[in-house]
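Peer 1: My file is model-v3.cif. It has mmCIF, C-alpha atoms and all ligand atoms:
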```
data_structure
loop_
_atom_site.label_atom_id
_atom_site.label_comp_id
_atom_site.auth_asym_id
_atom_site.auth_seq_id
_atom_site.Cartn_x
_atom_site.Cartn_y
_atom_site.Cartn_z
CA MET A 1 -16.01 -0.39 19.58
CA ILE A 2 -14.39 -2.95 17.27
CA PRO A 3 -11.39 -1.31 15.55
CA ILE A 4 -10.27 -2.03 11.98
CA THR A 5 -6.99 -3.46 13.30
CA LYS A 6 -4.84 -3.71 16.41
CA PRO A 7 -1.11 -4.43 16.54
CA THR A 8 -0.09 -7.59 18.44
CA ILE A 9 2.54 -6.32 20.87
CA GLY A 10 3.51 -8.23 24.00
CA GLU A 11 5.94 -8.09 26.90
CA GLU A 12 8.69 -9.53 24.68
CA GLU A 13 8.60 -6.48 22.39
CA ILE A 14 8.58 -4.12 25.37
CA ALA A 15 11.56 -5.91 26.95
CA ALA A 16 13.46 -5.90 23.63
CA ALA A 17 12.93 -2.15 23.18
CA ALA A 18 14.09 -1.54 26.75
CA GLU A 19 17.17 -3.66 26.19
CA ALA A 20 18.07 -1.66 23.07
CA LEU A 21 17.66 1.56 25.05
CA ARG A 22 19.90 0.27 27.84
CA SER A 23 22.57 -0.98 25.41
CA GLY A 24 23.87 2.49 24.65
CA TRP A 25 23.40 2.00 20.88
CA VAL A 26 19.97 3.21 19.81
CA SER A 27 20.36 4.19 16.13
CA GLN A 28 21.09 1.75 13.28
CA GLY A 29 23.46 -0.84 14.74
CA PRO A 30 23.70 -4.47 15.89
CA ALA A 31 19.95 -4.97 16.38
CA VAL A 32 19.27 -3.79 12.80
CA ALA A 33 21.82 -6.35 11.55
CA ARG A 34 20.13 -9.10 13.61
CA PHE A 35 16.68 -8.15 12.33
CA GLU A 36 17.91 -8.15 8.71
CA GLN A 37 19.39 -11.62 9.15
CA ALA A 38 16.23 -13.01 10.75
CA PHE A 39 14.03 -11.40 8.10
CA ALA A 40 16.13 -12.76 5.21
CA THR A 41 15.92 -16.24 6.73
CA TYR A 42 12.16 -15.99 7.23
CA VAL A 43 11.32 -14.98 3.64
CA GLY A 44 14.12 -17.05 2.08
CA ALA A 45 16.03 -14.07 0.64
CA GLN A 46 19.78 -13.80 0.18
CA HIS A 47 19.90 -10.18 1.33
CA ALA A 48 17.65 -8.00 3.47
CA CYS A 49 18.31 -4.31 4.17
CA ALA A 50 16.28 -2.43 6.79
CA VAL A 51 15.15 1.17 6.21
CA SER A 52 12.92 3.77 7.83
CA ASN A 53 9.67 2.70 6.10
CA CYS A 54 8.38 1.06 2.94
CA THR A 55 8.06 4.34 1.06
CA THR A 56 11.82 4.91 1.39
CA ALA A 57 12.39 1.24 0.50
CA LEU A 58 10.46 1.71 -2.76
CA HIS A 59 12.34 4.93 -3.48
CA LEU A 60 15.72 3.20 -3.05
CA ALA A 61 14.61 0.18 -5.09
CA LEU A 62 13.59 2.38 -8.03
CA LEU A 63 16.81 4.44 -7.87
CA THR A 64 18.86 1.25 -7.72
CA VAL A 65 17.32 -0.25 -10.87
CA GLY A 66 18.10 3.06 -12.58
CA VAL A 67 14.84 5.03 -12.70
CA GLN A 68 15.69 8.61 -13.68
CA PRO A 69 13.74 11.77 -14.46
CA GLY A 70 11.36 11.21 -17.38
CA ASP A 71 11.45 7.40 -17.11
CA GLU A 72 8.17 5.50 -17.00
CA VAL A 73 7.33 2.83 -14.44
CA ILE A 74 4.32 0.58 -14.95
CA THR A 75 2.25 0.15 -11.79
CA VAL A 76 -1.31 0.37 -10.42
CA SER A 77 -3.21 3.44 -9.33
CA HIS A 78 -5.29 1.25 -7.01
CA SER A 79 -2.82 1.21 -4.12
CA PHE A 80 -1.75 3.31 -1.19
CA ILE A 81 -0.39 6.59 -2.62
CA ALA A 82 3.17 5.73 -1.53
CA THR A 83 3.47 3.28 -4.45
CA ALA A 84 3.02 5.99 -7.10
CA ASN A 85 4.75 8.69 -5.05
CA SER A 86 7.97 6.66 -4.87
CA ILE A 87 8.18 6.76 -8.69
CA ARG A 88 7.72 10.53 -8.68
CA TYR A 89 10.48 10.96 -6.05
CA CYS A 90 12.87 9.64 -8.74
CA GLY A 91 11.42 12.09 -11.28
CA GLY A 92 9.71 9.16 -12.98
CA ILE A 93 6.18 8.94 -14.37
CA PRO A 94 3.81 6.30 -13.00
CA VAL A 95 1.99 4.54 -15.85
CA PHE A 96 -1.16 3.13 -14.31
CA VAL A 97 -2.72 -0.07 -15.61
CA ASP A 98 -6.03 -1.46 -14.39
CA ILE A 99 -6.56 -4.30 -11.93
CA ASP A 100 -8.15 -7.72 -11.98
CA PRO A 101 -11.42 -6.95 -10.14
CA ALA A 102 -11.42 -10.33 -8.37
CA THR A 103 -8.00 -9.99 -6.72
CA PHE A 104 -7.52 -6.17 -6.75
CA ASN A 105 -4.08 -6.82 -8.25
CA LEU A 106 -2.41 -5.64 -11.45
CA ASP A 107 -3.85 -7.38 -14.52
CA PRO A 108 -0.79 -8.71 -16.41
CA THR A 109 -2.65 -8.76 -19.74
CA LEU A 110 -2.60 -4.93 -19.70
CA ILE A 111 1.15 -4.53 -19.23
CA GLU A 112 2.40 -5.06 -22.75
CA SER A 113 0.34 -2.31 -24.36
CA ALA A 114 1.60 0.14 -21.69
CA ILE A 115 5.28 -0.48 -22.46
CA THR A 116 7.10 2.26 -24.41
CA GLU A 117 10.76 2.98 -25.14
CA ARG A 118 10.81 5.02 -21.93
CA THR A 119 9.60 2.17 -19.68
CA LYS A 120 12.28 1.47 -17.07
CA ALA A 121 10.64 -0.93 -14.59
CA ILE A 122 7.47 -2.64 -13.41
CA LEU A 123 6.35 -1.94 -9.85
CA CYS A 124 3.69 -4.51 -8.93
CA VAL A 125 1.78 -4.58 -5.64
CA HIS A 126 0.64 -7.54 -3.52
CA GLN A 127 -2.45 -5.60 -2.56
CA ILE A 128 -3.69 -6.06 1.01
CA GLY A 129 -1.30 -8.99 1.26
CA MET A 130 -2.74 -11.09 -1.59
CA PRO A 131 0.05 -12.15 -3.96
CA CYS A 132 -0.29 -10.71 -7.47
CA ASP A 133 0.18 -12.87 -10.57
CA LEU A 134 3.98 -12.89 -10.42
CA PRO A 135 4.53 -15.64 -13.04
CA GLY A 136 2.41 -13.64 -15.52
CA ILE A 137 4.20 -10.38 -14.74
CA LEU A 138 7.71 -11.89 -14.69
CA ALA A 139 7.24 -13.54 -18.10
CA ILE A 140 6.39 -10.19 -19.71
CA ALA A 141 9.19 -8.41 -17.84
CA ALA A 142 11.71 -11.01 -19.03
CA ARG A 143 10.57 -10.57 -22.65
CA HIS A 144 11.14 -6.82 -22.41
CA LYS A 145 14.20 -7.00 -20.11
CA LEU A 146 12.50 -4.89 -17.44
CA PRO A 147 13.30 -5.17 -13.73
CA VAL A 148 10.37 -6.03 -11.44
CA ILE A 149 10.01 -4.44 -8.02
CA GLU A 150 7.41 -5.95 -5.71
CA ASP A 151 5.56 -3.57 -3.39
CA ALA A 152 5.08 -6.16 -0.66
CA ALA A 153 4.24 -3.52 1.98
CA CYS A 154 1.31 -5.61 3.23
CA ALA A 155 2.51 -9.07 2.22
CA ILE A 156 4.85 -10.33 4.95
CA GLY A 157 3.93 -13.98 5.59
CA SER A 158 1.99 -14.39 2.32
CA GLU A 159 2.98 -17.27 0.06
CA ILE A 160 2.88 -18.07 -3.63
CA CYS A 161 3.16 -21.41 -5.40
CA ILE A 162 5.89 -21.21 -8.07
CA ASP A 163 6.76 -24.31 -10.13
CA GLY A 164 4.87 -26.47 -7.63
CA ARG A 165 6.71 -25.07 -4.57
CA TRP A 166 5.21 -22.80 -1.92
CA GLU A 167 7.50 -19.85 -1.27
CA ARG A 168 7.17 -16.73 0.83
CA ILE A 169 6.73 -13.35 -0.79
CA GLY A 170 10.06 -11.52 -0.52
CA LYS A 171 12.39 -14.29 -1.75
CA PRO A 172 12.16 -12.11 -3.96
CA HIS A 173 10.59 -13.47 -7.14
CA GLY A 174 11.08 -10.19 -8.96
CA ASP A 175 14.35 -8.27 -8.56
CA ILE A 176 13.60 -6.44 -5.30
CA ALA A 177 10.76 -6.71 -2.77
CA CYS A 178 9.84 -3.91 -0.33
CA PHE A 179 8.05 -4.41 2.99
CA SER A 180 6.39 -2.13 5.55
CA PHE A 181 6.24 -2.43 9.34
CA HIS A 182 3.64 0.31 9.85
CA PRO A 183 1.08 -0.66 12.53
CA ARG A 184 -1.61 -1.08 9.86
CA LYS A 185 0.38 -3.99 8.43
CA VAL A 186 0.68 -7.55 9.73
CA MET A 187 3.76 -6.99 11.90
CA THR A 188 5.07 -3.66 13.15
CA THR A 189 8.09 -1.77 14.40
CA GLY A 190 6.11 1.49 14.76
CA GLU A 191 7.58 2.67 11.44
CA GLY A 192 9.96 0.59 9.38
CA GLY A 193 10.71 -1.02 6.05
CA MET A 194 12.85 -3.72 4.43
CA LEU A 195 14.28 -4.40 0.98
CA THR A 196 15.09 -7.95 -0.09
CA THR A 197 17.09 -8.96 -3.16
CA SER A 198 19.32 -11.73 -4.54
CA ASN A 199 21.70 -9.18 -6.05
CA PRO A 200 24.64 -8.44 -3.68
CA ASP A 201 25.58 -5.23 -5.57
CA TRP A 202 22.09 -3.84 -5.14
CA ASP A 203 22.08 -4.75 -1.46
CA GLN A 204 25.36 -2.82 -1.11
CA GLN A 205 23.79 0.10 -2.94
CA PHE A 206 20.78 0.16 -0.55
CA ARG A 207 23.18 0.20 2.41
CA LEU A 208 25.09 3.15 1.03
CA LEU A 209 22.03 5.15 -0.01
CA ARG A 210 20.20 4.71 3.32
CA GLN A 211 23.16 6.23 5.16
CA HIS A 212 24.09 9.37 3.12
CA CYS A 213 26.36 7.24 0.88
CA MET A 214 28.89 7.35 3.72
CA ASN A 215 31.70 4.99 2.63
CA VAL A 216 32.68 3.88 6.17
CA ALA A 217 29.73 3.04 8.43
CA ASP A 218 29.59 4.63 11.90
CA THR A 219 29.56 1.14 13.46
CA THR A 220 32.88 0.39 11.71
CA ARG A 221 34.47 3.65 12.84
CA HIS A 222 33.18 3.04 16.37
CA SER A 223 35.01 -0.30 16.67
CA SER A 224 38.17 0.65 14.78
CA ALA A 225 41.56 0.80 16.57
CA GLN A 226 42.83 3.19 13.91
CA VAL A 227 41.49 6.64 13.15
CA VAL A 228 39.25 6.41 10.06
CA PHE A 229 37.89 9.28 7.97
CA GLU A 230 34.72 8.63 6.00
CA SER A 231 33.81 10.24 2.70
CA TYR A 232 30.61 10.72 0.69
CA PRO A 233 31.14 9.72 -2.94
CA ALA A 234 27.52 10.27 -4.03
CA LEU A 235 24.22 11.82 -2.97
CA GLY A 236 22.52 9.68 -0.34
CA PHE A 237 19.69 9.85 2.19
CA ASN A 238 18.96 9.30 5.84
CA PHE A 239 16.58 6.33 5.57
CA ARG A 240 17.87 4.42 8.60
CA MET A 241 15.92 2.20 10.97
CA THR A 242 16.79 2.51 14.67
CA ASP A 243 17.99 -0.35 16.86
CA ILE A 244 14.93 0.20 19.08
CA GLN A 245 12.65 -0.54 16.12
CA ALA A 246 14.75 -3.49 14.95
CA ALA A 247 14.74 -5.05 18.44
CA ILE A 248 10.93 -4.92 18.36
CA GLY A 249 10.98 -6.33 14.81
CA CYS A 250 12.97 -9.41 15.90
CA GLU A 251 10.25 -10.23 18.46
CA GLN A 252 7.43 -9.54 15.98
CA LEU A 253 9.05 -11.89 13.49
CA LYS A 254 8.93 -14.71 16.08
CA ARG A 255 5.19 -14.13 16.45
CA LEU A 256 4.53 -13.91 12.74
CA PRO A 257 3.65 -17.57 11.98
CA GLU A 258 1.04 -17.47 14.74
CA ILE A 259 -0.29 -14.06 13.59
CA VAL A 260 -0.64 -15.21 9.98
CA SER A 261 -2.29 -18.49 10.88
CA ARG A 262 -4.83 -16.72 13.12
CA ARG A 263 -5.58 -14.18 10.38
CA ARG A 264 -6.12 -16.99 7.89
CA GLN A 265 -8.48 -18.75 10.32
CA LEU A 266 -10.52 -15.59 10.83
CA ALA A 267 -10.62 -14.91 7.07
CA ASP A 268 -11.92 -18.45 6.44
CA ARG A 269 -14.56 -17.92 9.09
CA TYR A 270 -15.59 -14.58 7.54
CA ARG A 271 -15.91 -16.27 4.18
CA SER A 272 -18.16 -19.01 5.48
CA LEU A 273 -20.32 -16.66 7.59
CA LEU A 274 -20.66 -14.07 4.83
CA ALA A 275 -21.48 -16.63 2.15
CA ALA A 276 -25.06 -16.45 3.42
CA VAL A 277 -25.27 -12.64 3.11
CA PRO A 278 -26.96 -11.73 -0.17
CA ARG A 279 -25.52 -9.27 -2.70
CA ILE A 280 -22.01 -8.98 -1.43
CA GLU A 281 -18.99 -10.45 -3.17
CA LEU A 282 -16.31 -12.11 -1.10
CA PRO A 283 -12.57 -11.74 -1.65
CA VAL A 284 -10.90 -14.36 -3.83
CA GLU A 285 -7.73 -16.28 -3.01
CA PRO A 286 -6.31 -17.84 -6.20
CA ASP A 287 -5.35 -21.50 -5.73
CA TRP A 288 -1.65 -20.58 -6.25
CA ALA A 289 -1.73 -18.00 -3.43
CA ARG A 290 -1.95 -18.02 0.37
CA GLY A 291 -2.60 -14.49 1.58
CA ASN A 292 -1.88 -13.16 5.05
CA TRP A 293 -5.25 -11.36 4.96
CA GLN A 294 -3.81 -7.99 5.93
CA SER A 295 -7.32 -6.72 5.14
CA PHE A 296 -10.61 -8.45 4.46
CA CYS A 297 -12.28 -6.66 1.57
CA VAL A 298 -15.91 -7.25 0.53
CA ARG A 299 -17.58 -5.78 -2.55
CA LEU A 300 -21.07 -4.34 -2.14
CA GLY A 301 -23.65 -5.20 -4.78
CA GLU A 302 -25.20 -2.68 -7.21
CA GLY A 303 -27.27 0.00 -5.54
CA TYR A 304 -25.60 0.13 -2.14
CA ASP A 305 -24.18 3.39 -0.86
CA GLN A 306 -20.72 2.63 0.47
CA ARG A 307 -20.72 5.57 2.88
CA GLN A 308 -24.16 4.66 4.27
CA VAL A 309 -23.19 1.04 4.87
CA MET A 310 -20.00 2.18 6.63
CA GLN A 311 -21.92 4.73 8.73
CA SER A 312 -24.48 2.18 9.77
CA MET A 313 -21.67 -0.15 10.88
CA LEU A 314 -19.94 2.70 12.71
CA ASP A 315 -23.22 3.40 14.52
CA ALA A 316 -23.19 -0.27 15.56
CA GLY A 317 -19.70 0.23 17.02
CA ILE A 318 -17.72 -1.28 14.16
CA ALA A 319 -14.93 0.51 12.31
CA THR A 320 -14.58 -0.17 8.59
CA ARG A 321 -12.55 1.46 5.82
CA ARG A 322 -13.44 2.09 2.22
CA GLY A 323 -11.66 0.13 -0.49
CA ILE A 324 -8.04 0.91 -1.34
CA MET A 325 -7.58 4.37 -2.84
CA CYS A 326 -6.72 5.25 -6.44
CA SER A 327 -3.78 7.65 -6.71
CA HIS A 328 -4.91 9.12 -10.04
CA ARG A 329 -8.04 10.53 -8.38
CA GLU A 330 -6.15 12.53 -5.77
CA PRO A 331 -5.40 16.27 -6.08
CA ALA A 332 -1.68 15.45 -5.86
CA TYR A 333 -2.13 13.76 -9.25
CA ALA A 334 -4.33 16.43 -10.81
CA ALA A 335 -1.61 17.70 -13.15
CA ALA A 336 -1.60 15.67 -16.37
CA VAL A 337 2.21 15.39 -16.36
CA THR A 338 2.28 13.52 -13.06
CA TRP A 339 1.01 10.21 -14.48
CA SER A 340 -0.37 8.46 -17.50
CA CYS A 341 -2.50 5.41 -18.15
CA GLY A 342 -1.61 2.37 -20.17
CA ALA A 343 -3.74 3.66 -23.07
CA LYS A 344 -2.08 7.09 -23.31
CA LYS A 345 -2.87 8.06 -26.87
CA GLN A 346 -6.56 7.24 -26.85
CA CYS A 347 -7.22 8.54 -23.35
CA GLN A 348 -8.18 12.03 -22.29
CA CYS A 349 -7.59 11.23 -18.63
CA ALA A 350 -9.63 13.79 -16.72
CA VAL A 351 -8.93 14.92 -13.19
CA GLY A 352 -10.33 12.33 -10.82
CA HIS A 353 -11.41 9.91 -13.50
CA CYS A 354 -9.91 7.69 -16.20
CA GLN A 355 -11.99 5.40 -18.36
CA HIS A 356 -9.08 2.95 -18.60
CA LEU A 357 -8.91 2.59 -14.84
CA ARG A 358 -12.58 1.85 -14.36
CA ARG A 359 -12.07 -1.39 -12.46
CA SER A 360 -9.67 0.39 -10.07
CA GLU A 361 -12.20 3.18 -9.48
CA GLN A 362 -15.01 0.68 -8.91
CA ALA A 363 -12.89 -1.24 -6.42
CA GLN A 364 -12.37 1.97 -4.44
CA ASP A 365 -16.02 2.97 -4.58
CA ARG A 366 -17.75 -0.35 -4.09
CA THR A 367 -15.71 -2.23 -1.52
CA ILE A 368 -15.29 -1.95 2.23
CA LEU A 369 -12.64 -3.39 4.53
CA LEU A 370 -13.86 -5.23 7.64
CA PRO A 371 -12.05 -5.47 11.01
CA LEU A 372 -9.53 -8.31 11.14
CA PHE A 373 -6.80 -8.74 13.75
CA PRO A 374 -5.39 -11.75 15.60
CA GLN A 375 -6.85 -10.86 18.99
CA MET A 376 -10.35 -10.64 17.48
CA GLY A 377 -12.73 -13.01 19.25
CA ILE A 378 -15.37 -15.16 17.61
CA GLU A 379 -18.15 -13.06 19.22
CA GLU A 380 -16.63 -9.86 17.85
CA GLN A 381 -16.47 -11.37 14.41
CA ASP A 382 -20.12 -12.48 14.71
CA GLN A 383 -21.00 -8.89 15.65
CA VAL A 384 -19.30 -7.58 12.51
CA VAL A 385 -21.17 -10.08 10.34
CA SER A 386 -24.56 -9.30 11.81
CA ALA A 387 -23.94 -5.53 11.62
CA LEU A 388 -23.04 -5.88 7.94
CA HIS A 389 -26.12 -8.00 7.42
CA ARG A 390 -28.31 -5.29 8.99
CA ALA A 391 -26.52 -2.50 7.11
CA ILE A 392 -27.36 -3.95 3.72
CA LEU A 393 -30.90 -5.18 4.43
C1 LIG B 401 1.50 0.91 3.59
C2 LIG B 401 1.91 0.83 2.20
C3 LIG B 401 3.04 1.50 1.71
C4 LIG B 401 3.84 2.46 2.55
O1 LIG B 401 4.42 1.89 3.66
P1 LIG B 401 5.09 2.84 4.78
O2 LIG B 401 5.92 1.88 5.58
O3 LIG B 401 3.99 3.44 5.57
O4 LIG B 401 5.91 3.84 4.08
C5 LIG B 401 3.39 1.32 0.39
N1 LIG B 401 2.67 0.54 -0.42
C6 LIG B 401 1.57 -0.12 -0.01
C7 LIG B 401 0.83 -1.00 -0.96
C8 LIG B 401 1.14 0.02 1.31
O5 LIG B 401 0.03 -0.61 1.72
#
```
Write out the structure in this file as structure tokens.
Peer 2:
Amino acid sequence: MIPITKPTIGEEEIAAAAEALRSGWVSQGPAVARFEQAFATYVGAQHACAVSNCTTALHLALLTVGVQPGDEVITVSHSFIATANSIRYCGGIPVFVDIDPATFNLDPTLIESAITERTKAILCVHQIGMPCDLPGILAIAARHKLPVIEDAACAIGSEICIDGRWERIGKPHGDIACFSFHPRKVMTTGEGGMLTTSNPDWDQQFRLLRQHCMNVADTTRHSSAQVVFESYPALGFNFRMTDIQAAIGCEQLKRLPEIVSRRRQLADRYRSLLAAVPRIELPVEPDWARGNWQSFCVRLGEGYDQRQVMQSMLDAGIATRRGIMCSHREPAYAAAVTWSCGAKKQCQCAVGHCQHLRRSEQAQDRTILLPLFPQMGIEEQDQVVSALHRAIL
């Protein structure tokens, strides 16, 4: 069986986790601080704050830029449901705009008509690790004085060319970028997330909110020669990462350049092998982007049944996944008040379908994700290609 993905975990990660366990400090502590420092250096950010996962990172980012009940946040439906959910956790309303069908990323030309007086932020996604059109999005955001949060859950190690310079996603280019370390992503800590920003006040805010808004951290109290009493000036959360996870993260970060370069090699090889397969469309990498290929997504031509193709590959021992979901089609979004589309007034958005999100729906229904992981051998990749070939004959 060839799985869809496999985390790359070695003896170094195992030793680091054991060391954290032996240290006597297992919750958020010195290893989290080390991981944050290493992560900030890797992406080129001024500040990095570790949290329990990317969903909580997105939640804190939205709260920090001031999203409140009734506020609108422009984003995509075509993403993992956590993107839209994080807006609803703040009481906000996700306003879904459609995607560019070639890159599966937010189409910046649709943003402006979705802006209203209630718009509070733009939450863009670097879908399956491919950078979205940040220059296009940032120009519109600047015109309307809207903060931009990047959902970079899948995009660690991806790069974008800005003003002729290649920079890593997470610098950040918007106001805040949020990352995930779930095993389905390119590096993992089991569960985990990170926020990066250039704004020191926001970084402070993340640190308070992730720890119940406790004004004196437990690590500070632990090392203090004087008795210190903490207080809780505002409502916070428990969104902490543990030192066990962070210790693993430090080792994963060291492996990352190798992981990303192997993924890029395999993606190039897929693209050349699959070029010969008729009636499938290959994923596009814009010339200003270098993706980490968190997933390799192919679009099936007219007339193919996605489920049948996937079943036939499963029968051949190859796991695939359907294209990225659309939140607006899920029962959790059945109530009209839970979201809107960029064309509100003209649209009678029905449950499970919206004519203004057609390209998002097609991307979900007509694409499949192929196995891609660094340990994948050439023979395994050949097997995937020939199984796909047979499945669509
Ligand atoms: C995985 C993912 C998330 C959620 O990340 P968790 O760490 O699992 O909370 C959010 N957004 C996108 C685009 C994702 O792919």
Peer 1: Report as a tab-separated table the residues of stretch 140-254 of chain A within 12 Å of stretch 69-85 of chain A, each with its shortest atom pair and distance in Å (one decimal), using only C-alpha atoms, ordered by chain and increasing residue number.
Peer 2:
```
residue	atom	partner	partner_atom	distance
A:Ile140	CA	A:Ile74	CA	12.0
A:Ala141	CA	A:Ile74	CA	10.6
A:Leu146	CA	A:Val73	CA	9.8
A:Pro147	CA	A:Val73	CA	10.0
A:Val148	CA	A:Ile74	CA	9.6
A:Ile149	CA	A:Thr75	CA	9.8
A:Glu150	CA	A:Thr75	CA	10.0
A:Asp151	CA	A:Thr83	CA	7.2
A:Ala152	CA	A:Thr83	CA	10.3
A:Ala153	CA	A:Thr83	CA	9.4
A:Cys154	CA	A:Phe80	CA	10.4
A:Cys178	CA	A:Thr83	CA	10.5
A:Phe179	CA	A:Thr83	CA	11.6
A:Ser180	CA	A:Ala82	CA	11.1
A:Arg184	CA	A:Phe80	CA	11.9
```
Peer 1: Neighbouring residues of A:Ala334 were defined as those with any atom within 12 Å, considering all atoms listed in the file; residues of the same chain fewer than 2 positions away were excluded. Please report them as a list in words.
Peer 2: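 Residues near the query, excluding close chain neighbours: Ser327, His328, Arg329, Glu330, Pro331, Ala332, Ala336, Val337, Thr338, Trp339, Ser340, Cys349, Ala350, Val351, Gly352, His353 and Cys354 of chain A.
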Peer 1: Let me have the centre and edge lengths of the axis-aligned box enclosing all listed atoms of stretch 16-31 of chain A with 5 Å padding on every side, in Å to one decimal, as JSON.
Peer 2:
```
{"center_x": 18.4, "center_y": -0.9, "center_z": 20.6, "size_x": 20.9, "size_y": 20.1, "size_z": 24.6}
```
Peer 1: Calculated over all atoms listed in the file, which of the candidates A:Ala15, A:Ile137, A:Val385, A:Ile87 has the smallest distance to A:Ala276?
Peer 2: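 Answer, going by the shortest atom-to-atom distance: A:Val385.
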Peer 1: Between atom CA of A:Gln205 and atom C5 of ligand LIG 401 (chain B), what is the distance, to one decimal in Å?
Peer 2: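 Atom-to-atom, atom CA of A:Gln205 to atom C5 of ligand LIG 401 (chain B), that is 20.7 Å.
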Peer 1: My list of candidates is A:Thr41, A:Gln245, A:Ser272, A:Thr119. Which is closest to A:Gly29 when distances are computed with all atoms listed in the file?
Peer 2: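 Smallest separation from A:Gly29 among the options: A:Gln245.
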Peer 1: Using only C-alpha atoms, which of the listed residues (A:Gly136, A:Gly174, A:Pro257, A:Gly66) sits closest to A:Pro108?
Peer 2: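 The answer is A:Gly136, which sits nearest to A:Pro108.
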Peer 1: Quote the spacing between atom CA of A:Gly192 and atom CA of A:Val260 in Å to one decimal place.
Peer 2: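 About the pair atom CA of A:Gly192 and atom CA of A:Val260: they are 19.0 Å apart.
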Peer 1: What does the distance from atom CA of A:Ile122 to atom C1 of ligand LIG 401 (chain B) come to in Å, to one decimal?
Peer 2: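 These two atoms are separated by 18.4 Å.
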Peer 1: Pick out the closest residue to ligand LIG 401 (chain B) from this set: A:Ala217, A:Ala225, A:Ala177, A:Cys341. Count all atoms listed in the file.
Peer 2: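 Looking at the shortest contact to ligand LIG 401 (chain B), the residue is A:Ala177.
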Peer 1: Any chance you could export stretch 7-25 of chain A with C-alpha atoms, as a CSV table (one decimal), in the first residue's frame?
Peer 2:
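Printed below is selection.csv as written:
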```
chain,number,residue,atom,x,y,z
A,7,PRO,CA,5.9,11.9,8.4
A,8,THR,CA,9.7,12.0,8.3
A,9,ILE,CA,10.7,11.2,11.9
A,10,GLY,CA,14.1,9.9,12.8
A,11,GLU,CA,16.2,9.0,15.9
A,12,GLU,CA,16.9,12.7,16.4
A,13,GLU,CA,13.3,13.5,17.1
A,14,ILE,CA,12.9,10.5,19.4
A,15,ALA,CA,16.0,11.5,21.4
A,16,ALA,CA,14.8,15.1,21.6
A,17,ALA,CA,11.4,14.1,22.9
A,18,ALA,CA,13.1,11.8,25.5
A,19,GLU,CA,15.3,14.6,26.6
A,20,ALA,CA,12.4,16.9,27.1
A,21,LEU,CA,10.7,14.2,29.2
A,22,ARG,CA,13.8,13.7,31.3
A,23,SER,CA,14.3,17.5,31.8
A,24,GLY,CA,11.4,17.8,34.3
A,25,TRP,CA,9.8,20.5,32.3
```
